[in-house]
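Reviewing the structure listed below.
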Amino acid sequence: MKIKKLLFTSLLFFLPFSLILFVLFCINILIKDFSLGHKTHHEYPEATDWVKYSFFVNKQKLNNFLFRSNKNEEGLPKIEIYIPEKTSNKLLSNIPNSTKQYLRSEMVINNEKKEVRLRYFGDNPINWMFDYKSIRIKTKKSEIVNRKRYFEYKASQNRPIDEYVAFKMAKKLGLLVSDVRLVELFVNDKSVGIYMEKERLNESFLRRNKIMPINLYKGEASRAGEKKIGLEVNLDQNPGLWRKIAFYNNVDEDDYSDLIRISKNIRNAENSTDYLDRILRYENLDLFARASILEILMNLMIANYDHNRRVAIDIWSGNLHIIPHDISYVREKISEEKSSLQYRQSFQSENSATNLFYVINQSSNFLNAKYETLFKVVKEEKIFDEIIQDLEKLKVKYLISQKRDLGKIQRKYADYEVFWTGPDENEQSFNDLIKSLKFREKQIISFLKNDPECSWNINKKGFDVKIKGIIPMSNLLVKFDNESPEWVALDYNNNQVLDKEDKYFYKKKNGNFEIDIKLFANRITSNAGPYDYIWTMSTANTKFTFFTENNKKPYKLITLNNHSKKELVLNYEESLAVKPSINNIAIIKNDKKKINILSGNIFLEEDLIVKDETKILDGTTFTMNEGVSIIFENKVKAIGSKERPIIFKKNDTATKWGTVALHGAKTEGSLFKNIIIENASGKSVNGINYFASLSVHSAKKYKI
């Protein structure tokens with residue numbers, strides 16, 4: 001009885017204290033939710049279960065402390081940081097501004113504690129409002145490690161291993177992207193979890209990638225802290241939404257003329273082959289194709305029209321580098337049907353999340369480069385096999401570090417996108433990632449080997465070939481009964497009239513026509529609304545017209561898939577079709593153009609950009625107006641003689657002119673001999689800096 005009475009009395013005594021502690025705990029949760037959720041003025045995270053989060057994260061910390069075997073097991077490379085309590089408190093004293101200041105901390109560098117400066121980073125508060133924080137380290141200038149002074153450890157909102165895979169894909173595709181490695185971060189001798197160590201995007205990053213100082217931009221319009229009042233949030237249409245994070249020091253820091261020029265090109269390119277050419281010239285066709293391929297490999301857009309953009313504009317080569325910055329591999333099967341899911345890249349709808357890709361996805365030249373390179377990197381270069389081998393090497397150490405990871409708790413109970421991360425992160429999840437990569441490889445190869453959807457019909461002057469699917473039609477074989485015509489001509493400019501711009505093909509000895517051509521269906525899009533993330537793209541039945549000598553009619557047309565090597569007989573159909581759009585141009589292999597010959601006295605009043613192969617005869621004299629330049633973007637042979645040199649000079653009223661330049665890979669094999677250049681000073685043309693009287697950019701195997 002005494003025991004019962006004692007227990008009852010104790011219960012009565014402790015109950016008020018327990019209730020007070022419970023109320024204080026609830027008040028603390030409410031204060032934290034208000035302070036971190038409302039003070040940041042941010043839409044994410046939508047709702048945090050603070051009770052579950054606090055319970056499980058503290059349980060994980062206790063487990064890390066109690067189970068010494070787990071604590072001492074060697075996992076991923078160890079990064080040790082020591083953050084004083086004063087620093088930690090000050091960083092969160094006045095969020096979000098206080099997170100941006102560098103404060104004193106320590107870091108183990110080469111097995112020795114060194115003083116460093118530390119701050120939190122990230123526009124999204126989820127990067128620094130929980131236990132698993134995004135951290136940026138700045139070392140002393142005298143203690144740079146592997147040519148790096150800044151180190152970033154970002155709190156992964158997806159599985160770290162999935163983000164790692166995406167960055168490795170980008171690197172293997174040859175894109176300008178941060179080097180990464182997976183590490184385990186220890187703060188004050190306690191494991192915080194698995195992080196991906198990244199480079200900071202700045203001038204040093206460019207130099208490490210052998211790029212001279214250029215403008216490096218950050219585009220962000222959707223985060224509350226960076227919204228610009230009065231501007232539409234589309235980054236491709238508003239250069240004022242971007243911010244320089246590295247800059248070319250020969251121009252003012254607030255000079256955005258390069259970004260303004262690119263924005264103008266994008267706006268005009270949909271209805272202009274000239275503006276489209278300005279976007280895709282030099283190496284940009286390949287760079288953009290590889291960026292688009294990364295989206296297919298990841299099953300995720302690199303960035304949105306209003307968020308998370310990083311670009312570098314190279315005023316020396318003319319290249320625009322799209323820098324993958326906040327990316328992750330998505331494991332879900334790529335949809336083979338039209339998809340309306342945000343962020344999804346479906347083969348059947350070639351969606352675009354930016355104006356740039358919306359425009360260039362309508363270009364047959366871009367689509368051809370994209371799918372040819374995709375097949376090459378997947379089938380021939382075996383990019384998936386390389387990634388899987390890398391993962392197998394990491395697996396054991398990754399799973400050891402995962403036992404101590406706080407990030408998995410945060411992603412489950414605090415992040416806004418559980419859809420990406422799934423409920424569990426364990427060995428089975430790791431194995432599922434590898435299975436997903438193997439399946440993705442098979443799916444992509446299968447897609448590229450699909451039969452093209454094409455047909456044909458007879459017209460008054462010859463025949464029409466129609467293509468309506470996403471896979472192009474190529475290698476056209478045309479057969480005639482009885483006597484074949486001598487030639488077949490493609491209506492290259494789509495004006496339904498046989499003229500000098502049309503492309504002629506001639507019969508083989510067997511009377512058939514083997515036309516090495518590739519034809520794409522028009523890509524059409526629905527306009528994105530102000531809150532849409534993607535432009536959904538589909539194909540239209542597209543008609544290419546061929547003329548024949550004496551209007552003779554074929555009886556059979558056959559095509560061949562470039563990748564499967566399977567022959568397909570085209571069905572005869574009198575179906576409705578549209579003409580090719582302005583940027584949907586038939587791609588003709590080995591399309592030989594006449595060499596452009598320049599001779600005599602040539603007077604130039606404005607810049608001349610020469611895109612075709614050119615020969616300049618001896619004795620030719622170019623007389624230039626003030627500031628005028630000549631840019632050769634194809635092979636040129638300018639061979640003067642000692643008696644009759646080729647001369648470039650100013651006119652009588654000019655004080656100086658611009659440059660003679662070779663630019664791009666197509667100029668290979670160019671030759672200049674017995675040339676005189678007078679009063680040239682160099683010039684910027686279309687945003688490219690040509691600083692010499694004779695300038696050579698991105699050219700190889702030429703002679704002067």
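Starting from 1 in every chain, residues are counted up; chains themselves are A, B, ... following the order of the structure tokens, and ligands are numbered from 1 as listed.
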
*Tell me, as a list of chain:residue names, which residues lie within 6 Å of Gly682 of chain A, counting only C-alpha atoms; anything in the same chain fewer than 4 positions away does not count.*
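In the requested form, the answer reads A:Gly658, A:Thr659, A:Tyr690, A:Phe691, A:Ala692, A:Ser693.
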
Can those selected residues be exported to a file as a CSV table (one decimal), in the first residue's frame so that it contains N, CA, C and O atoms?
chain,number,residue,atom,x,y,z
A,658,GLY,N,39.2,46.8,-89.0
A,658,GLY,CA,39.1,45.8,-88.0
A,658,GLY,C,40.1,44.7,-88.1
A,658,GLY,O,41.3,44.9,-87.7
A,659,THR,N,39.7,43.6,-88.6
A,659,THR,CA,40.5,42.4,-88.5
A,659,THR,C,40.2,41.5,-89.7
A,659,THR,O,39.1,41.5,-90.3
A,690,TYR,N,38.2,40.0,-81.5
A,690,TYR,CA,39.3,39.8,-82.4
A,690,TYR,C,40.3,40.9,-82.2
A,690,TYR,O,40.2,42.0,-82.7
A,691,PHE,N,41.3,40.7,-81.4
A,691,PHE,CA,42.2,41.8,-81.0
A,691,PHE,C,43.4,42.0,-81.9
A,691,PHE,O,44.1,43.0,-81.7
A,692,ALA,N,43.6,41.2,-82.9
A,692,ALA,CA,44.8,41.4,-83.7
A,692,ALA,C,44.3,41.7,-85.1
A,692,ALA,O,43.2,41.5,-85.5
A,693,SER,N,45.3,42.2,-85.9
A,693,SER,CA,45.0,42.5,-87.3
A,693,SER,C,44.7,41.2,-88.1
A,693,SER,O,43.9,41.2,-89.0

*asked:* Please list as a PyMOL selection string every residue within 12 Å of Asn97 of chain A, counting only C-alpha atoms and excluding residues in the same chain fewer than 2 positions away.
replied: chain A and resi 39-40+90-95+99-102+119-123+125+128+225

Output file for the residues above (N, CA and C atoms, as a PDB file, in the first residue's frame):
ATOM      1  N   LYS A  39       9.984  33.653 -41.511  1.00  0.00           N
ATOM      2  CA  LYS A  39      11.009  34.692 -41.588  1.00  0.00           C
ATOM      3  C   LYS A  39      11.767  34.643 -42.904  1.00  0.00           C
ATOM      4  N   THR A  40      11.825  33.469 -43.505  1.00  0.00           N
ATOM      5  CA  THR A  40      12.552  33.322 -44.764  1.00  0.00           C
ATOM      6  C   THR A  40      11.738  33.771 -45.958  1.00  0.00           C
ATOM      7  N   LYS A  90      25.840  33.011 -34.792  1.00  0.00           N
ATOM      8  CA  LYS A  90      25.816  34.239 -35.583  1.00  0.00           C
ATOM      9  C   LYS A  90      25.318  33.991 -37.003  1.00  0.00           C
ATOM     10  N   LEU A  91      25.640  32.817 -37.569  1.00  0.00           N
ATOM     11  CA  LEU A  91      25.216  32.508 -38.937  1.00  0.00           C
ATOM     12  C   LEU A  91      23.696  32.438 -39.063  1.00  0.00           C
ATOM     13  N   LEU A  92      23.017  32.119 -37.971  1.00  0.00           N
ATOM     14  CA  LEU A  92      21.555  32.008 -38.000  1.00  0.00           C
ATOM     15  C   LEU A  92      20.879  33.112 -37.202  1.00  0.00           C
ATOM     16  N   SER A  93      21.617  34.185 -36.914  1.00  0.00           N
ATOM     17  CA  SER A  93      21.078  35.243 -36.061  1.00  0.00           C
ATOM     18  C   SER A  93      20.066  36.119 -36.774  1.00  0.00           C
ATOM     19  N   ASN A  94      20.221  36.278 -38.077  1.00  0.00           N
ATOM     20  CA  ASN A  94      19.323  37.169 -38.830  1.00  0.00           C
ATOM     21  C   ASN A  94      19.143  36.616 -40.241  1.00  0.00           C
ATOM     22  N   ILE A  95      18.550  35.424 -40.311  1.00  0.00           N
ATOM     23  CA  ILE A  95      18.407  34.753 -41.605  1.00  0.00           C
ATOM     24  C   ILE A  95      17.440  35.532 -42.498  1.00  0.00           C
ATOM     25  N   THR A  99      23.336  34.190 -43.098  1.00  0.00           N
ATOM     26  CA  THR A  99      23.952  32.966 -43.637  1.00  0.00           C
ATOM     27  C   THR A  99      24.999  33.280 -44.697  1.00  0.00           C
ATOM     28  N   LYS A 100      24.990  34.517 -45.223  1.00  0.00           N
ATOM     29  CA  LYS A 100      25.862  34.874 -46.341  1.00  0.00           C
ATOM     30  C   LYS A 100      27.245  35.371 -45.907  1.00  0.00           C
ATOM     31  N   GLN A 101      27.453  35.609 -44.613  1.00  0.00           N
ATOM     32  CA  GLN A 101      28.731  36.178 -44.173  1.00  0.00           C
ATOM     33  C   GLN A 101      29.713  35.071 -43.785  1.00  0.00           C
ATOM     34  N   TYR A 102      30.969  35.258 -44.188  1.00  0.00           N
ATOM     35  CA  TYR A 102      32.015  34.308 -43.834  1.00  0.00           C
ATOM     36  C   TYR A 102      32.489  34.576 -42.408  1.00  0.00           C
ATOM     37  N   ARG A 119      30.684  29.831 -44.286  1.00  0.00           N
ATOM     38  CA  ARG A 119      29.330  30.388 -44.345  1.00  0.00           C
ATOM     39  C   ARG A 119      28.387  29.304 -44.838  1.00  0.00           C
ATOM     40  N   TYR A 120      27.097  29.531 -44.658  1.00  0.00           N
ATOM     41  CA  TYR A 120      26.097  28.660 -45.266  1.00  0.00           C
ATOM     42  C   TYR A 120      25.751  29.247 -46.631  1.00  0.00           C
ATOM     43  N   PHE A 121      25.199  28.438 -47.532  1.00  0.00           N
ATOM     44  CA  PHE A 121      24.839  28.990 -48.835  1.00  0.00           C
ATOM     45  C   PHE A 121      23.611  28.273 -49.379  1.00  0.00           C
ATOM     46  N   GLY A 122      23.014  28.898 -50.376  1.00  0.00           N
ATOM     47  CA  GLY A 122      21.806  28.363 -50.997  1.00  0.00           C
ATOM     48  C   GLY A 122      20.652  29.327 -50.835  1.00  0.00           C
ATOM     49  N   ASP A 123      19.899  29.568 -51.918  1.00  0.00           N
ATOM     50  CA  ASP A 123      18.751  30.470 -51.862  1.00  0.00           C
ATOM     51  C   ASP A 123      17.570  29.832 -51.132  1.00  0.00           C
ATOM     52  N   PRO A 125      15.886  28.017 -48.170  1.00  0.00           N
ATOM     53  CA  PRO A 125      16.198  27.859 -46.738  1.00  0.00           C
ATOM     54  C   PRO A 125      16.439  26.425 -46.308  1.00  0.00           C
ATOM     55  N   TRP A 128      19.931  25.440 -45.086  1.00  0.00           N
ATOM     56  CA  TRP A 128      20.625  25.817 -43.855  1.00  0.00           C
ATOM     57  C   TRP A 128      19.730  25.893 -42.615  1.00  0.00           C
ATOM     58  N   GLY A 225      14.276  35.956 -52.398  1.00  0.00           N
ATOM     59  CA  GLY A 225      15.345  36.896 -52.091  1.00  0.00           C
ATOM     60  C   GLY A 225      15.949  37.546 -53.302  1.00  0.00           C
TER      61      GLY A 225
END

*List every residue of segment 463-583 of chain A that DSSP, applied to the backbone of this structure, places in strand (DSSP E or B), and write the result as an MDAnalysis selection string.*
chainID A and resid 463:467 473:480 487:490 503:506 513:519 522:525 535 537:540 542:548 554:560 567:569 571:572 578

*asked:* as a PyMOL selection string, please: the residues near Ile558 of chain A (cut-off 8 Å, only C-alpha atoms, same-chain neighbours under 4 positions excluded).
replied: chain A and resi 476-478+567-570

Serialized selection, C-alpha atoms, as a compact mmCIF listing (two decimals), in the first residue's frame:
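Result file result-v2.txt:
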# COMPACT_ATOMS: atom_id res chain seq x y z
CA LEU A 476 16.27 7.36 -99.24
CA LEU A 477 16.24 4.81 -102.10
CA VAL A 478 13.97 5.78 -105.04
CA GLU A 567 15.18 -1.24 -94.38
CA LEU A 568 11.64 0.09 -94.44
CA VAL A 569 9.38 0.37 -97.50
CA LEU A 570 7.38 3.59 -97.36

Go through segment 126-241 of chain A and flag each residue having an atom no more than 12 Å from segment 531-554 of chain A; for those, report the closest pair of atoms plus their distance in Å to one decimal, using only C-alpha atoms, ordered by chain and rising number, as a Markdown table.
| residue | atom | partner | partner_atom | distance |
| --- | --- | --- | --- | --- |
| A:Ser222 | CA | A:Tyr531 | CA | 10.6 |
| A:Glu232 | CA | A:Tyr531 | CA | 11.1 |
| A:Val233 | CA | A:Tyr531 | CA | 9.6 |
| A:Asn234 | CA | A:Tyr531 | CA | 10.2 |

Just-selected residues, all heavy atoms written as a compact mmCIF listing (two decimals), in the first residue's frame:
# COMPACT_ATOMS: atom_id res chain seq x y z
N SER A 222 13.02 32.89 -59.39
CA SER A 222 11.90 32.31 -58.65
C SER A 222 12.08 32.37 -57.15
O SER A 222 11.12 32.19 -56.41
CB SER A 222 11.69 30.85 -59.07
OG SER A 222 12.77 30.04 -58.60
N GLU A 232 9.38 40.41 -65.87
CA GLU A 232 8.86 39.06 -66.09
C GLU A 232 9.96 38.06 -65.73
O GLU A 232 11.14 38.32 -65.92
CB GLU A 232 8.45 38.88 -67.55
CG GLU A 232 7.80 37.54 -67.84
CD GLU A 232 7.59 37.31 -69.32
OE1 GLU A 232 7.81 38.27 -70.08
OE2 GLU A 232 7.25 36.19 -69.70
N VAL A 233 9.57 36.90 -65.20
CA VAL A 233 10.55 35.98 -64.61
C VAL A 233 11.25 35.09 -65.63
O VAL A 233 12.03 34.23 -65.24
CB VAL A 233 9.90 35.10 -63.52
CG1 VAL A 233 9.44 35.97 -62.37
CG2 VAL A 233 8.74 34.29 -64.10
N ASN A 234 10.98 35.27 -66.93
CA ASN A 234 11.64 34.43 -67.93
C ASN A 234 13.08 34.91 -68.15
O ASN A 234 13.32 35.99 -68.67
CB ASN A 234 10.85 34.47 -69.25
CG ASN A 234 11.31 33.41 -70.21
OD1 ASN A 234 12.49 33.13 -70.34
ND2 ASN A 234 10.36 32.80 -70.90

*Give me the residues within 12 Å of Tyr371 of chain A as a ChimeraX atom specification, counting only C-alpha atoms and dropping any in the same chain fewer than 4 places off.*
/A:286,288-290,292-294,296,347,350,361,364-367,375-379,444-445,447-449,470-472,520,562-563

Any chance you could export the current selection's N, CA and C atoms as a PDB file, in the first residue's frame?
ATOM      1  N   ASP A 286      27.244  21.509 -80.899  1.00  0.00           N
ATOM      2  CA  ASP A 286      27.621  20.314 -80.134  1.00  0.00           C
ATOM      3  C   ASP A 286      27.411  20.526 -78.637  1.00  0.00           C
ATOM      4  N   PHE A 288      25.225  22.482 -77.076  1.00  0.00           N
ATOM      5  CA  PHE A 288      23.800  22.449 -76.739  1.00  0.00           C
ATOM      6  C   PHE A 288      23.236  21.041 -76.898  1.00  0.00           C
ATOM      7  N   ALA A 289      23.703  20.322 -77.924  1.00  0.00           N
ATOM      8  CA  ALA A 289      23.236  18.953 -78.116  1.00  0.00           C
ATOM      9  C   ALA A 289      23.598  18.100 -76.904  1.00  0.00           C
ATOM     10  N   ARG A 290      24.806  18.258 -76.393  1.00  0.00           N
ATOM     11  CA  ARG A 290      25.241  17.469 -75.241  1.00  0.00           C
ATOM     12  C   ARG A 290      24.495  17.873 -73.967  1.00  0.00           C
ATOM     13  N   SER A 292      21.396  18.910 -73.948  1.00  0.00           N
ATOM     14  CA  SER A 292      20.077  18.296 -74.114  1.00  0.00           C
ATOM     15  C   SER A 292      20.147  16.783 -73.882  1.00  0.00           C
ATOM     16  N   ILE A 293      21.248  16.172 -74.302  1.00  0.00           N
ATOM     17  CA  ILE A 293      21.445  14.742 -74.068  1.00  0.00           C
ATOM     18  C   ILE A 293      21.512  14.451 -72.574  1.00  0.00           C
ATOM     19  N   LEU A 294      22.154  15.325 -71.815  1.00  0.00           N
ATOM     20  CA  LEU A 294      22.212  15.140 -70.364  1.00  0.00           C
ATOM     21  C   LEU A 294      20.811  15.076 -69.772  1.00  0.00           C
ATOM     22  N   ILE A 296      18.168  13.938 -71.226  1.00  0.00           N
ATOM     23  CA  ILE A 296      17.614  12.624 -71.552  1.00  0.00           C
ATOM     24  C   ILE A 296      18.221  11.558 -70.649  1.00  0.00           C
ATOM     25  N   PHE A 347      10.508  10.971 -74.529  1.00  0.00           N
ATOM     26  CA  PHE A 347      10.967  10.865 -75.911  1.00  0.00           C
ATOM     27  C   PHE A 347       9.885  11.327 -76.884  1.00  0.00           C
ATOM     28  N   GLU A 350       9.605  15.651 -76.415  1.00  0.00           N
ATOM     29  CA  GLU A 350      10.760  16.560 -76.476  1.00  0.00           C
ATOM     30  C   GLU A 350      10.501  17.903 -75.803  1.00  0.00           C
ATOM     31  N   ASN A 361      15.116  23.222 -80.460  1.00  0.00           N
ATOM     32  CA  ASN A 361      14.494  21.919 -80.712  1.00  0.00           C
ATOM     33  C   ASN A 361      13.642  21.922 -81.975  1.00  0.00           C
ATOM     34  N   SER A 364      16.308  21.228 -87.413  1.00  0.00           N
ATOM     35  CA  SER A 364      16.692  19.876 -87.834  1.00  0.00           C
ATOM     36  C   SER A 364      18.188  19.644 -87.618  1.00  0.00           C
ATOM     37  N   ASN A 365      19.007  20.674 -87.817  1.00  0.00           N
ATOM     38  CA  ASN A 365      20.442  20.523 -87.581  1.00  0.00           C
ATOM     39  C   ASN A 365      20.727  20.201 -86.122  1.00  0.00           C
ATOM     40  N   PHE A 366      20.024  20.873 -85.215  1.00  0.00           N
ATOM     41  CA  PHE A 366      20.214  20.592 -83.792  1.00  0.00           C
ATOM     42  C   PHE A 366      19.721  19.195 -83.445  1.00  0.00           C
ATOM     43  N   LEU A 367      18.533  18.830 -83.918  1.00  0.00           N
ATOM     44  CA  LEU A 367      17.985  17.507 -83.614  1.00  0.00           C
ATOM     45  C   LEU A 367      18.889  16.402 -84.145  1.00  0.00           C
ATOM     46  N   PHE A 375      23.329   8.547 -79.606  1.00  0.00           N
ATOM     47  CA  PHE A 375      23.624   7.152 -79.958  1.00  0.00           C
ATOM     48  C   PHE A 375      25.111   6.859 -79.742  1.00  0.00           C
ATOM     49  N   LYS A 376      25.955   7.807 -80.094  1.00  0.00           N
ATOM     50  CA  LYS A 376      27.399   7.614 -79.963  1.00  0.00           C
ATOM     51  C   LYS A 376      27.807   7.432 -78.505  1.00  0.00           C
ATOM     52  N   VAL A 377      27.332   8.317 -77.614  1.00  0.00           N
ATOM     53  CA  VAL A 377      27.783   8.250 -76.219  1.00  0.00           C
ATOM     54  C   VAL A 377      27.185   7.051 -75.479  1.00  0.00           C
ATOM     55  N   VAL A 378      25.988   6.620 -75.886  1.00  0.00           N
ATOM     56  CA  VAL A 378      25.347   5.492 -75.199  1.00  0.00           C
ATOM     57  C   VAL A 378      25.807   4.155 -75.772  1.00  0.00           C
ATOM     58  N   LYS A 379      25.761   4.013 -77.083  1.00  0.00           N
ATOM     59  CA  LYS A 379      26.048   2.730 -77.712  1.00  0.00           C
ATOM     60  C   LYS A 379      27.544   2.506 -77.912  1.00  0.00           C
ATOM     61  N   ILE A 444      17.005   3.817 -74.252  1.00  0.00           N
ATOM     62  CA  ILE A 444      17.476   4.836 -75.195  1.00  0.00           C
ATOM     63  C   ILE A 444      17.865   4.206 -76.522  1.00  0.00           C
ATOM     64  N   ILE A 445      18.594   3.092 -76.473  1.00  0.00           N
ATOM     65  CA  ILE A 445      19.004   2.419 -77.714  1.00  0.00           C
ATOM     66  C   ILE A 445      17.779   1.924 -78.471  1.00  0.00           C
ATOM     67  N   PHE A 447      14.771   3.183 -78.371  1.00  0.00           N
ATOM     68  CA  PHE A 447      14.103   4.360 -78.932  1.00  0.00           C
ATOM     69  C   PHE A 447      14.760   4.794 -80.244  1.00  0.00           C
ATOM     70  N   LEU A 448      16.097   4.859 -80.251  1.00  0.00           N
ATOM     71  CA  LEU A 448      16.807   5.329 -81.442  1.00  0.00           C
ATOM     72  C   LEU A 448      16.696   4.350 -82.605  1.00  0.00           C
ATOM     73  N   LYS A 449      16.400   3.103 -82.303  1.00  0.00           N
ATOM     74  CA  LYS A 449      16.278   2.096 -83.361  1.00  0.00           C
ATOM     75  C   LYS A 449      14.840   1.927 -83.856  1.00  0.00           C
ATOM     76  N   ILE A 470       9.006  11.224 -84.423  1.00  0.00           N
ATOM     77  CA  ILE A 470      10.177  11.891 -83.859  1.00  0.00           C
ATOM     78  C   ILE A 470      11.472  11.371 -84.467  1.00  0.00           C
ATOM     79  N   ILE A 471      11.490  10.107 -84.911  1.00  0.00           N
ATOM     80  CA  ILE A 471      12.680   9.530 -85.547  1.00  0.00           C
ATOM     81  C   ILE A 471      12.756  10.025 -86.989  1.00  0.00           C
ATOM     82  N   PRO A 472      13.902  10.523 -87.437  1.00  0.00           N
ATOM     83  CA  PRO A 472      14.008  11.046 -88.807  1.00  0.00           C
ATOM     84  C   PRO A 472      14.043   9.931 -89.839  1.00  0.00           C
ATOM     85  N   PHE A 520      13.456  15.495 -91.105  1.00  0.00           N
ATOM     86  CA  PHE A 520      12.801  15.541 -89.798  1.00  0.00           C
ATOM     87  C   PHE A 520      11.400  16.110 -89.930  1.00  0.00           C
ATOM     88  N   ASN A 562      19.425   4.670 -89.586  1.00  0.00           N
ATOM     89  CA  ASN A 562      20.876   4.776 -89.422  1.00  0.00           C
ATOM     90  C   ASN A 562      21.414   3.878 -88.324  1.00  0.00           C
ATOM     91  N   HIS A 563      20.613   3.636 -87.282  1.00  0.00           N
ATOM     92  CA  HIS A 563      21.104   2.935 -86.104  1.00  0.00           C
ATOM     93  C   HIS A 563      20.766   1.445 -86.109  1.00  0.00           C
TER      94      HIS A 563
END

*Write out as a list in words which residues come within 10 Å of Asp432 of chain A when counting only C-alpha atoms, dropping same-chain ones fewer than 6 positions away.*
Arg331, Asn426 and Lys438 of chain A

*asked:* Using only C-alpha atoms for the distances, tell me which of A:Ser629, A:Ser484, A:Ser436, A:Thr623 is nearest to Asn689 of chain A.
replied: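 Looking at the shortest contact to Asn689 of chain A, the residue is A:Ser629.
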
*Go through segment 438-659 of chain A and collect every residue that DSSP, computed from the backbone, puts in helix (DSSP H, G or I); the answer should be as a ChimeraX atom specification.*
/A:438-448,549-551

Create the file for the chosen residues now, containing N, CA, C and O atoms and written as an mmCIF file, in the first residue's frame.
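Saved the output as result_13.cif:
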data_model
loop_
_atom_site.group_PDB
_atom_site.id
_atom_site.type_symbol
_atom_site.label_atom_id
_atom_site.label_comp_id
_atom_site.auth_asym_id
_atom_site.auth_seq_id
_atom_site.Cartn_x
_atom_site.Cartn_y
_atom_site.Cartn_z
ATOM 1 N N LYS A 438 20.974 0.563 -66.118
ATOM 2 C CA LYS A 438 21.021 -0.474 -67.160
ATOM 3 C C LYS A 438 19.759 -0.433 -68.017
ATOM 4 O O LYS A 438 19.820 -0.574 -69.240
ATOM 5 N N PHE A 439 18.615 -0.216 -67.355
ATOM 6 C CA PHE A 439 17.361 -0.159 -68.107
ATOM 7 C C PHE A 439 17.299 1.101 -68.963
ATOM 8 O O PHE A 439 16.833 1.063 -70.111
ATOM 9 N N ARG A 440 17.792 2.230 -68.423
ATOM 10 C CA ARG A 440 17.787 3.482 -69.171
ATOM 11 C C ARG A 440 18.595 3.326 -70.459
ATOM 12 O O ARG A 440 18.211 3.817 -71.520
ATOM 13 N N GLU A 441 19.742 2.662 -70.377
ATOM 14 C CA GLU A 441 20.583 2.443 -71.556
ATOM 15 C C GLU A 441 19.823 1.658 -72.630
ATOM 16 O O GLU A 441 19.800 2.039 -73.804
ATOM 17 N N LYS A 442 19.172 0.568 -72.221
ATOM 18 C CA LYS A 442 18.419 -0.249 -73.177
ATOM 19 C C LYS A 442 17.271 0.547 -73.792
ATOM 20 O O LYS A 442 16.987 0.434 -74.985
ATOM 21 N N GLN A 443 16.614 1.355 -72.969
ATOM 22 C CA GLN A 443 15.462 2.121 -73.448
ATOM 23 C C GLN A 443 15.876 3.157 -74.487
ATOM 24 O O GLN A 443 15.193 3.350 -75.496
ATOM 25 N N ILE A 444 17.005 3.817 -74.252
ATOM 26 C CA ILE A 444 17.476 4.836 -75.195
ATOM 27 C C ILE A 444 17.865 4.206 -76.522
ATOM 28 O O ILE A 444 17.500 4.700 -77.600
ATOM 29 N N ILE A 445 18.594 3.092 -76.473
ATOM 30 C CA ILE A 445 19.004 2.419 -77.714
ATOM 31 C C ILE A 445 17.779 1.924 -78.471
ATOM 32 O O ILE A 445 17.688 2.057 -79.703
ATOM 33 N N SER A 446 16.814 1.371 -77.734
ATOM 34 C CA SER A 446 15.582 0.895 -78.369
ATOM 35 C C SER A 446 14.833 2.038 -79.036
ATOM 36 O O SER A 446 14.326 1.909 -80.163
ATOM 37 N N PHE A 447 14.771 3.183 -78.371
ATOM 38 C CA PHE A 447 14.103 4.360 -78.932
ATOM 39 C C PHE A 447 14.760 4.794 -80.244
ATOM 40 O O PHE A 447 14.090 5.055 -81.244
ATOM 41 N N LEU A 448 16.097 4.859 -80.251
ATOM 42 C CA LEU A 448 16.807 5.329 -81.442
ATOM 43 C C LEU A 448 16.696 4.350 -82.605
ATOM 44 O O LEU A 448 16.877 4.738 -83.766
ATOM 45 N N GLU A 549 12.951 14.680 -113.538
ATOM 46 C CA GLU A 549 13.066 15.015 -114.963
ATOM 47 C C GLU A 549 11.840 14.500 -115.703
ATOM 48 O O GLU A 549 11.434 13.341 -115.542
ATOM 49 N N ASN A 550 11.243 15.368 -116.491
ATOM 50 C CA ASN A 550 10.044 15.027 -117.281
ATOM 51 C C ASN A 550 8.889 14.541 -116.403
ATOM 52 O O ASN A 550 8.005 13.816 -116.871
ATOM 53 N N ASN A 551 8.897 14.928 -115.132
ATOM 54 C CA ASN A 551 7.811 14.591 -114.192
ATOM 55 C C ASN A 551 7.570 13.087 -114.071
ATOM 56 O O ASN A 551 6.432 12.643 -113.848
#

What are the closest atom pairs, with distances in Å to one decimal, for all residues of segment 433-534 of chain A lying within 12 Å of segment 150-164 of chain A? Consider only C-alpha atoms, order rows by chain and residue number, and present the result as JSON lines.
{"residue": "A:Leu433", "atom": "CA", "partner": "A:Asp162", "partner_atom": "CA", "distance": 7.9}
{"residue": "A:Ile434", "atom": "CA", "partner": "A:Asp162", "partner_atom": "CA", "distance": 10.4}
{"residue": "A:Ser436", "atom": "CA", "partner": "A:Asp162", "partner_atom": "CA", "distance": 11.0}
{"residue": "A:Leu437", "atom": "CA", "partner": "A:Asp162", "partner_atom": "CA", "distance": 10.7}

*Could you pull the residues within 8 Å of Lys700 of chain A, counting only C-alpha atoms, minus those fewer than 3 positions along the same chain, as an NGL selection string?*
:A and (665 or 667-669)

*Restricting the calculation to only C-alpha atoms, which member of A:Tyr492, A:Phe22, A:Tyr305, A:Tyr282 is positioned closest to Asn319 of chain A?*
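Ranking A:Tyr492, A:Phe22, A:Tyr305, A:Tyr282 by distance to Asn319 of chain A, first place goes to A:Tyr282.
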